[in-house]
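A.B. asks: I am sharing upload_14.cif, which consists of mmCIF, C-alpha atoms:
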```cif
data_coords
loop_
_atom_site.label_atom_id
_atom_site.label_comp_id
_atom_site.auth_asym_id
_atom_site.auth_seq_id
_atom_site.Cartn_x
_atom_site.Cartn_y
_atom_site.Cartn_z
CA MET A 1 -93.56 50.18 1.89
CA ALA A 2 -92.69 51.48 5.35
CA SER A 3 -91.39 48.92 7.81
CA PRO A 4 -93.40 48.44 11.00
CA ILE A 5 -92.09 50.05 14.15
CA SER A 6 -91.09 47.79 17.04
CA TYR A 7 -90.82 48.92 20.64
CA LEU A 8 -88.87 47.65 23.61
CA SER A 9 -88.53 48.80 27.17
CA VAL A 10 -85.47 48.92 29.38
CA ASP A 11 -85.58 47.68 32.97
CA ARG A 12 -83.75 49.20 35.97
CA LYS A 13 -80.57 47.26 35.16
CA GLY A 14 -80.56 48.49 31.56
CA ARG A 15 -81.74 45.17 30.09
CA ALA A 16 -84.06 45.03 27.12
CA THR A 17 -85.66 42.23 25.14
CA LEU A 18 -85.68 42.55 21.37
CA PRO A 19 -89.10 41.77 19.90
CA GLU A 20 -89.35 38.41 18.14
CA GLU A 21 -89.76 39.99 14.69
CA VAL A 22 -86.50 41.93 15.18
CA ARG A 23 -84.59 38.83 16.37
CA SER A 24 -85.97 36.88 13.43
CA SER A 25 -85.10 39.62 10.93
CA LEU A 26 -81.51 39.78 12.26
CA GLY A 27 -81.23 35.98 12.37
CA LEU A 28 -80.52 36.06 16.11
CA GLU A 29 -80.88 33.11 18.44
CA ALA A 30 -80.41 32.74 22.19
CA GLY A 31 -76.76 33.35 23.14
CA ASP A 32 -75.88 35.30 19.96
CA PHE A 33 -73.90 38.53 20.22
CA VAL A 34 -75.04 41.91 18.90
CA LEU A 35 -72.83 44.96 18.46
CA LEU A 36 -74.26 48.43 18.96
CA GLU A 37 -72.50 50.62 16.42
CA ARG A 38 -72.88 54.37 16.64
CA THR A 39 -73.95 55.94 13.34
CA GLU A 40 -72.92 59.31 11.93
CA ARG A 41 -76.32 60.67 13.01
CA GLY A 42 -75.62 59.76 16.64
CA THR A 43 -78.05 56.83 16.70
CA TYR A 44 -77.11 53.19 17.17
CA GLU A 45 -77.36 50.30 14.75
CA LEU A 46 -77.76 46.66 15.86
CA VAL A 47 -75.19 44.46 14.12
CA PRO A 48 -75.17 40.67 14.60
CA ALA A 49 -71.67 39.57 15.61
CA ALA A 50 -69.64 36.46 16.30
CA LEU A 51 -66.62 35.93 18.51
CA VAL A 52 -63.47 34.63 16.85
CA PRO A 53 -61.55 31.96 18.79
CA ARG A 54 -58.05 33.16 19.76
CA ASP A 55 -56.32 30.48 17.72
CA GLN A 56 -58.08 31.78 14.58
CA LEU A 57 -57.34 35.51 15.00
CA TRP A 58 -54.38 35.30 12.61
CA PHE A 59 -56.80 34.59 9.76
CA HIS A 60 -58.63 37.88 10.30
CA HIS A 61 -55.48 40.04 10.33
CA PRO A 62 -55.56 42.55 7.42
CA GLU A 63 -52.21 41.32 6.05
CA MET A 64 -53.39 37.70 6.02
CA GLN A 65 -56.65 38.73 4.34
CA ARG A 66 -54.61 40.58 1.68
CA ARG A 67 -52.43 37.51 1.08
CA ILE A 68 -55.46 35.23 0.82
CA ARG A 69 -57.17 37.57 -1.68
CA LYS A 70 -53.96 37.67 -3.75
CA ALA A 71 -53.66 33.87 -3.74
CA GLU A 72 -57.33 33.48 -4.73
CA ASN A 73 -56.88 36.00 -7.57
CA ASP A 74 -53.73 34.22 -8.74
CA LEU A 75 -55.56 30.89 -8.77
CA ALA A 76 -58.53 32.37 -10.64
CA ALA A 77 -56.23 33.99 -13.24
CA GLY A 78 -54.23 30.78 -13.77
CA ARG A 79 -51.02 32.29 -12.35
CA ALA A 80 -50.84 29.56 -9.71
CA LYS A 81 -52.11 26.05 -9.28
CA VAL A 82 -53.07 23.87 -6.36
CA THR A 83 -50.28 21.38 -5.71
CA HIS A 84 -51.74 19.53 -2.72
CA SER A 85 -54.90 17.52 -2.45
CA PRO A 86 -57.26 18.73 0.30
CA GLU A 87 -56.25 15.71 2.38
CA ALA A 88 -52.52 16.42 1.99
CA ALA A 89 -53.06 20.09 2.83
CA GLN A 90 -54.99 19.14 5.97
CA ALA A 91 -52.23 16.72 7.03
CA LEU A 92 -49.68 19.50 6.56
CA LEU A 93 -51.76 21.90 8.65
CA ASP A 94 -52.22 19.26 11.34
CA SER A 95 -48.45 18.72 11.52
CA PHE A 96 -47.91 22.47 12.11
CA LYS A 97 -50.60 22.58 14.80
CA GLY A 98 -48.90 19.76 16.70
CA LYS A 99 -45.53 21.52 16.58
CA ARG A 100 -47.05 24.81 17.67
CA ARG A 101 -48.81 23.24 20.64
CA ARG A 102 -45.68 21.45 21.80
CA GLY A 103 -43.68 24.68 21.54
CA ARG A 104 -46.17 26.67 23.65
CA ARG A 105 -46.02 24.42 26.70
#
```
Once you've parsed the file, please lay out its structure as structure tokens.
C.D. replies:
Amino acid sequence: MASPISYLSVDRKGRATLPEEVRSSLGLEAGDFVLLERTERGTYELVPAALVPRDQLWFHHPEMQRRIRKAENDLAAGRAKVTHSPEAAQALLDSFKGKRRRGRR
């Protein structure tokens, strides 16, 4: 089944409004961000995006993602075990956040 074609027009300032069915299909709401990624064919693809707060960028670093995957695999394989309750882990994280903030001032 072929998907219906949607049209949009661009005004003098280069602004365009995505049709409602496109916004709905992409799960977009007012204020959301969309990336325009160039494809190998030279066209552009709309990709819903989200901004990452600066204080959370460390989590998205490739090395951190590798370490998290390894830890999750170790847990799943029984090579490691959780030693802190979620509450204790949160308290530990909160204590680091406080130290980090004080050190940055």
A.B. asks: Of the residues A:Ala91, A:Asn73, A:Leu51, A:Ala16, which is the one nearest to A:Asp32, using all atoms listed in the file?
C.D. replies: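 Distance minimum relative to A:Asp32 lands on A:Leu51.
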A.B. asks: Select, from A:Gln90, A:Pro53, A:Trp58, A:Val47, the residue with the minimum atom-to-atom distance to A:Leu28, counting only C-alpha atoms.
C.D. replies: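 Of A:Gln90, A:Pro53, A:Trp58, A:Val47, the one nearest A:Leu28, counting only C-alpha atoms, is A:Val47.
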A.B. asks: For atom CA of A:Arg54 and atom CA of A:Glu29, quote the distance in Å rounded to one decimal.
C.D. replies: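 About the pair atom CA of A:Arg54 and atom CA of A:Glu29: they are 22.9 Å apart.
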A.B. asks: Atom CA of A:Val52 and atom CA of A:Ser24, how far apart in Å?
C.D. replies: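 Pair atom CA of A:Ser24 / atom CA of A:Val52 returns 22.9 Å.
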A.B. asks: Using atom CA of A:Val10 and atom CA of A:Glu45 as the two end points, give the distance in Å to one decimal.
C.D. replies: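 Taking atom CA of A:Val10 as the start and atom CA of A:Glu45 as the end point, the length is 16.8 Å.
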A.B. asks: With all atoms of stretch 20-37 of chain A from the file as input, state the centre and edge lengths in Å to one decimal of the axis-aligned box that has 5 Å extra on each side, as AutoDock Vina command-line options.
C.D. replies:
```
--center_x -81.1 --center_y 41.7 --center_z 17.0 --size_x 27.3 --size_y 27.9 --size_z 22.2
```
A.B. asks: Around the point (-93.5, 48.0, 20.9), in the coordinates given by the file, pick out the residues reaching within 12 Å, counting only C-alpha atoms, and return them as a JSON list (two decimals) with C-alpha atoms, keeping the file's coordinate frame.
C.D. replies:
```
[["chain", "number", "residue", "atom", "x", "y", "z"],
["A", 4, "PRO", "CA", -93.40, 48.44, 11.00],
["A", 5, "ILE", "CA", -92.09, 50.05, 14.15],
["A", 6, "SER", "CA", -91.09, 47.79, 17.04],
["A", 7, "TYR", "CA", -90.82, 48.92, 20.64],
["A", 8, "LEU", "CA", -88.87, 47.65, 23.61],
["A", 9, "SER", "CA", -88.53, 48.80, 27.17],
["A", 10, "VAL", "CA", -85.47, 48.92, 29.38],
["A", 16, "ALA", "CA", -84.06, 45.03, 27.12],
["A", 17, "THR", "CA", -85.66, 42.23, 25.14],
["A", 18, "LEU", "CA", -85.68, 42.55, 21.37],
["A", 19, "PRO", "CA", -89.10, 41.77, 19.90],
["A", 20, "GLU", "CA", -89.35, 38.41, 18.14],
["A", 21, "GLU", "CA", -89.76, 39.99, 14.69],
["A", 22, "VAL", "CA", -86.50, 41.93, 15.18]]
```
A.B. asks: Considering only C-alpha atoms, state which residue in the set A:Leu46, A:Asp55, A:Glu63, A:Gly14 is at the smallest distance from A:Gly27.
C.D. replies: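 Selected residue with least distance to A:Gly27: A:Leu46.
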A.B. asks: Could you write stretch 42-74 of chain A of the block just shown to a file containing N, CA and C atoms, as a PDB file, in the first residue's frame?
C.D. replies:
```pdb
ATOM      1  N   GLY A  42      20.960  12.292  -1.641  1.00  0.00           N
ATOM      2  CA  GLY A  42      20.957  13.747  -1.733  1.00  0.00           C
ATOM      3  C   GLY A  42      19.653  14.376  -1.279  1.00  0.00           C
ATOM      4  N   THR A  43      18.715  13.563  -0.802  1.00  0.00           N
ATOM      5  CA  THR A  43      17.472  14.097  -0.252  1.00  0.00           C
ATOM      6  C   THR A  43      17.638  14.283   1.247  1.00  0.00           C
ATOM      7  N   TYR A  44      16.618  14.759   1.913  1.00  0.00           N
ATOM      8  CA  TYR A  44      16.679  14.955   3.359  1.00  0.00           C
ATOM      9  C   TYR A  44      15.611  14.134   4.046  1.00  0.00           C
ATOM     10  N   GLU A  45      15.945  13.654   5.221  1.00  0.00           N
ATOM     11  CA  GLU A  45      15.038  12.856   6.030  1.00  0.00           C
ATOM     12  C   GLU A  45      14.740  13.632   7.310  1.00  0.00           C
ATOM     13  N   LEU A  46      13.464  13.687   7.714  1.00  0.00           N
ATOM     14  CA  LEU A  46      13.078  14.334   8.965  1.00  0.00           C
ATOM     15  C   LEU A  46      13.278  13.336  10.096  1.00  0.00           C
ATOM     16  N   VAL A  47      14.018  13.734  11.129  1.00  0.00           N
ATOM     17  CA  VAL A  47      14.296  12.848  12.257  1.00  0.00           C
ATOM     18  C   VAL A  47      13.943  13.579  13.544  1.00  0.00           C
ATOM     19  N   PRO A  48      12.929  13.101  14.284  1.00  0.00           N
ATOM     20  CA  PRO A  48      12.612  13.732  15.570  1.00  0.00           C
ATOM     21  C   PRO A  48      13.849  13.696  16.463  1.00  0.00           C
ATOM     22  N   ALA A  49      14.076  14.773  17.205  1.00  0.00           N
ATOM     23  CA  ALA A  49      15.276  14.867  18.036  1.00  0.00           C
ATOM     24  C   ALA A  49      14.933  15.453  19.396  1.00  0.00           C
ATOM     25  N   ALA A  50      15.856  15.305  20.316  1.00  0.00           N
ATOM     26  CA  ALA A  50      15.706  15.887  21.648  1.00  0.00           C
ATOM     27  C   ALA A  50      17.051  16.458  22.069  1.00  0.00           C
ATOM     28  N   LEU A  51      17.024  17.574  22.752  1.00  0.00           N
ATOM     29  CA  LEU A  51      18.253  18.156  23.283  1.00  0.00           C
ATOM     30  C   LEU A  51      18.613  17.455  24.581  1.00  0.00           C
ATOM     31  N   VAL A  52      19.897  17.290  24.802  1.00  0.00           N
ATOM     32  CA  VAL A  52      20.388  16.662  26.027  1.00  0.00           C
ATOM     33  C   VAL A  52      20.930  17.772  26.922  1.00  0.00           C
ATOM     34  N   PRO A  53      20.434  17.863  28.164  1.00  0.00           N
ATOM     35  CA  PRO A  53      20.977  18.879  29.076  1.00  0.00           C
ATOM     36  C   PRO A  53      22.479  18.679  29.260  1.00  0.00           C
ATOM     37  N   ARG A  54      23.214  19.792  29.393  1.00  0.00           N
ATOM     38  CA  ARG A  54      24.679  19.733  29.515  1.00  0.00           C
ATOM     39  C   ARG A  54      25.154  18.811  30.622  1.00  0.00           C
ATOM     40  N   ASP A  55      24.450  18.820  31.757  1.00  0.00           N
ATOM     41  CA  ASP A  55      24.908  18.000  32.875  1.00  0.00           C
ATOM     42  C   ASP A  55      24.651  16.507  32.651  1.00  0.00           C
ATOM     43  N   GLN A  56      24.030  16.133  31.523  1.00  0.00           N
ATOM     44  CA  GLN A  56      23.796  14.729  31.217  1.00  0.00           C
ATOM     45  C   GLN A  56      24.570  14.258  29.983  1.00  0.00           C
ATOM     46  N   LEU A  57      25.406  15.131  29.422  1.00  0.00           N
ATOM     47  CA  LEU A  57      26.166  14.763  28.220  1.00  0.00           C
ATOM     48  C   LEU A  57      27.113  13.591  28.464  1.00  0.00           C
ATOM     49  N   TRP A  58      27.665  13.494  29.670  1.00  0.00           N
ATOM     50  CA  TRP A  58      28.595  12.419  29.983  1.00  0.00           C
ATOM     51  C   TRP A  58      27.975  11.056  29.699  1.00  0.00           C
ATOM     52  N   PHE A  59      26.684  10.926  29.952  1.00  0.00           N
ATOM     53  CA  PHE A  59      26.001   9.643  29.784  1.00  0.00           C
ATOM     54  C   PHE A  59      25.978   9.200  28.327  1.00  0.00           C
ATOM     55  N   HIS A  60      25.999  10.137  27.398  1.00  0.00           N
ATOM     56  CA  HIS A  60      25.889   9.825  25.986  1.00  0.00           C
ATOM     57  C   HIS A  60      27.248   9.655  25.302  1.00  0.00           C
ATOM     58  N   HIS A  61      28.330   9.826  26.054  1.00  0.00           N
ATOM     59  CA  HIS A  61      29.670   9.650  25.507  1.00  0.00           C
ATOM     60  C   HIS A  61      29.848   8.169  25.130  1.00  0.00           C
ATOM     61  N   PRO A  62      30.454   7.881  23.967  1.00  0.00           N
ATOM     62  CA  PRO A  62      30.608   6.484  23.528  1.00  0.00           C
ATOM     63  C   PRO A  62      31.293   5.580  24.560  1.00  0.00           C
ATOM     64  N   GLU A  63      32.292   6.089  25.273  1.00  0.00           N
ATOM     65  CA  GLU A  63      32.978   5.267  26.277  1.00  0.00           C
ATOM     66  C   GLU A  63      32.033   4.918  27.421  1.00  0.00           C
ATOM     67  N   MET A  64      31.223   5.883  27.854  1.00  0.00           N
ATOM     68  CA  MET A  64      30.281   5.619  28.939  1.00  0.00           C
ATOM     69  C   MET A  64      29.216   4.621  28.475  1.00  0.00           C
ATOM     70  N   GLN A  65      28.751   4.767  27.237  1.00  0.00           N
ATOM     71  CA  GLN A  65      27.772   3.821  26.710  1.00  0.00           C
ATOM     72  C   GLN A  65      28.352   2.408  26.647  1.00  0.00           C
ATOM     73  N   ARG A  66      29.640   2.295  26.277  1.00  0.00           N
ATOM     74  CA  ARG A  66      30.307   0.990  26.256  1.00  0.00           C
ATOM     75  C   ARG A  66      30.365   0.397  27.653  1.00  0.00           C
ATOM     76  N   ARG A  67      30.724   1.206  28.640  1.00  0.00           N
ATOM     77  CA  ARG A  67      30.830   0.733  30.021  1.00  0.00           C
ATOM     78  C   ARG A  67      29.471   0.303  30.566  1.00  0.00           C
ATOM     79  N   ILE A  68      28.431   1.045  30.220  1.00  0.00           N
ATOM     80  CA  ILE A  68      27.087   0.693  30.684  1.00  0.00           C
ATOM     81  C   ILE A  68      26.641  -0.628  30.057  1.00  0.00           C
ATOM     82  N   ARG A  69      26.874  -0.794  28.742  1.00  0.00           N
ATOM     83  CA  ARG A  69      26.520  -2.049  28.081  1.00  0.00           C
ATOM     84  C   ARG A  69      27.254  -3.227  28.725  1.00  0.00           C
ATOM     85  N   LYS A  70      28.555  -3.032  29.017  1.00  0.00           N
ATOM     86  CA  LYS A  70      29.336  -4.102  29.646  1.00  0.00           C
ATOM     87  C   LYS A  70      28.759  -4.445  31.015  1.00  0.00           C
ATOM     88  N   ALA A  71      28.441  -3.440  31.816  1.00  0.00           N
ATOM     89  CA  ALA A  71      27.875  -3.686  33.145  1.00  0.00           C
ATOM     90  C   ALA A  71      26.531  -4.401  33.042  1.00  0.00           C
ATOM     91  N   GLU A  72      25.695  -3.985  32.097  1.00  0.00           N
ATOM     92  CA  GLU A  72      24.394  -4.651  31.917  1.00  0.00           C
ATOM     93  C   GLU A  72      24.579  -6.101  31.486  1.00  0.00           C
ATOM     94  N   ASN A  73      25.538  -6.352  30.589  1.00  0.00           N
ATOM     95  CA  ASN A  73      25.814  -7.730  30.160  1.00  0.00           C
ATOM     96  C   ASN A  73      26.346  -8.565  31.312  1.00  0.00           C
ATOM     97  N   ASP A  74      27.223  -7.982  32.132  1.00  0.00           N
ATOM     98  CA  ASP A  74      27.759  -8.696  33.290  1.00  0.00           C
ATOM     99  C   ASP A  74      26.645  -9.050  34.274  1.00  0.00           C
TER     100      ASP A  74
END
```
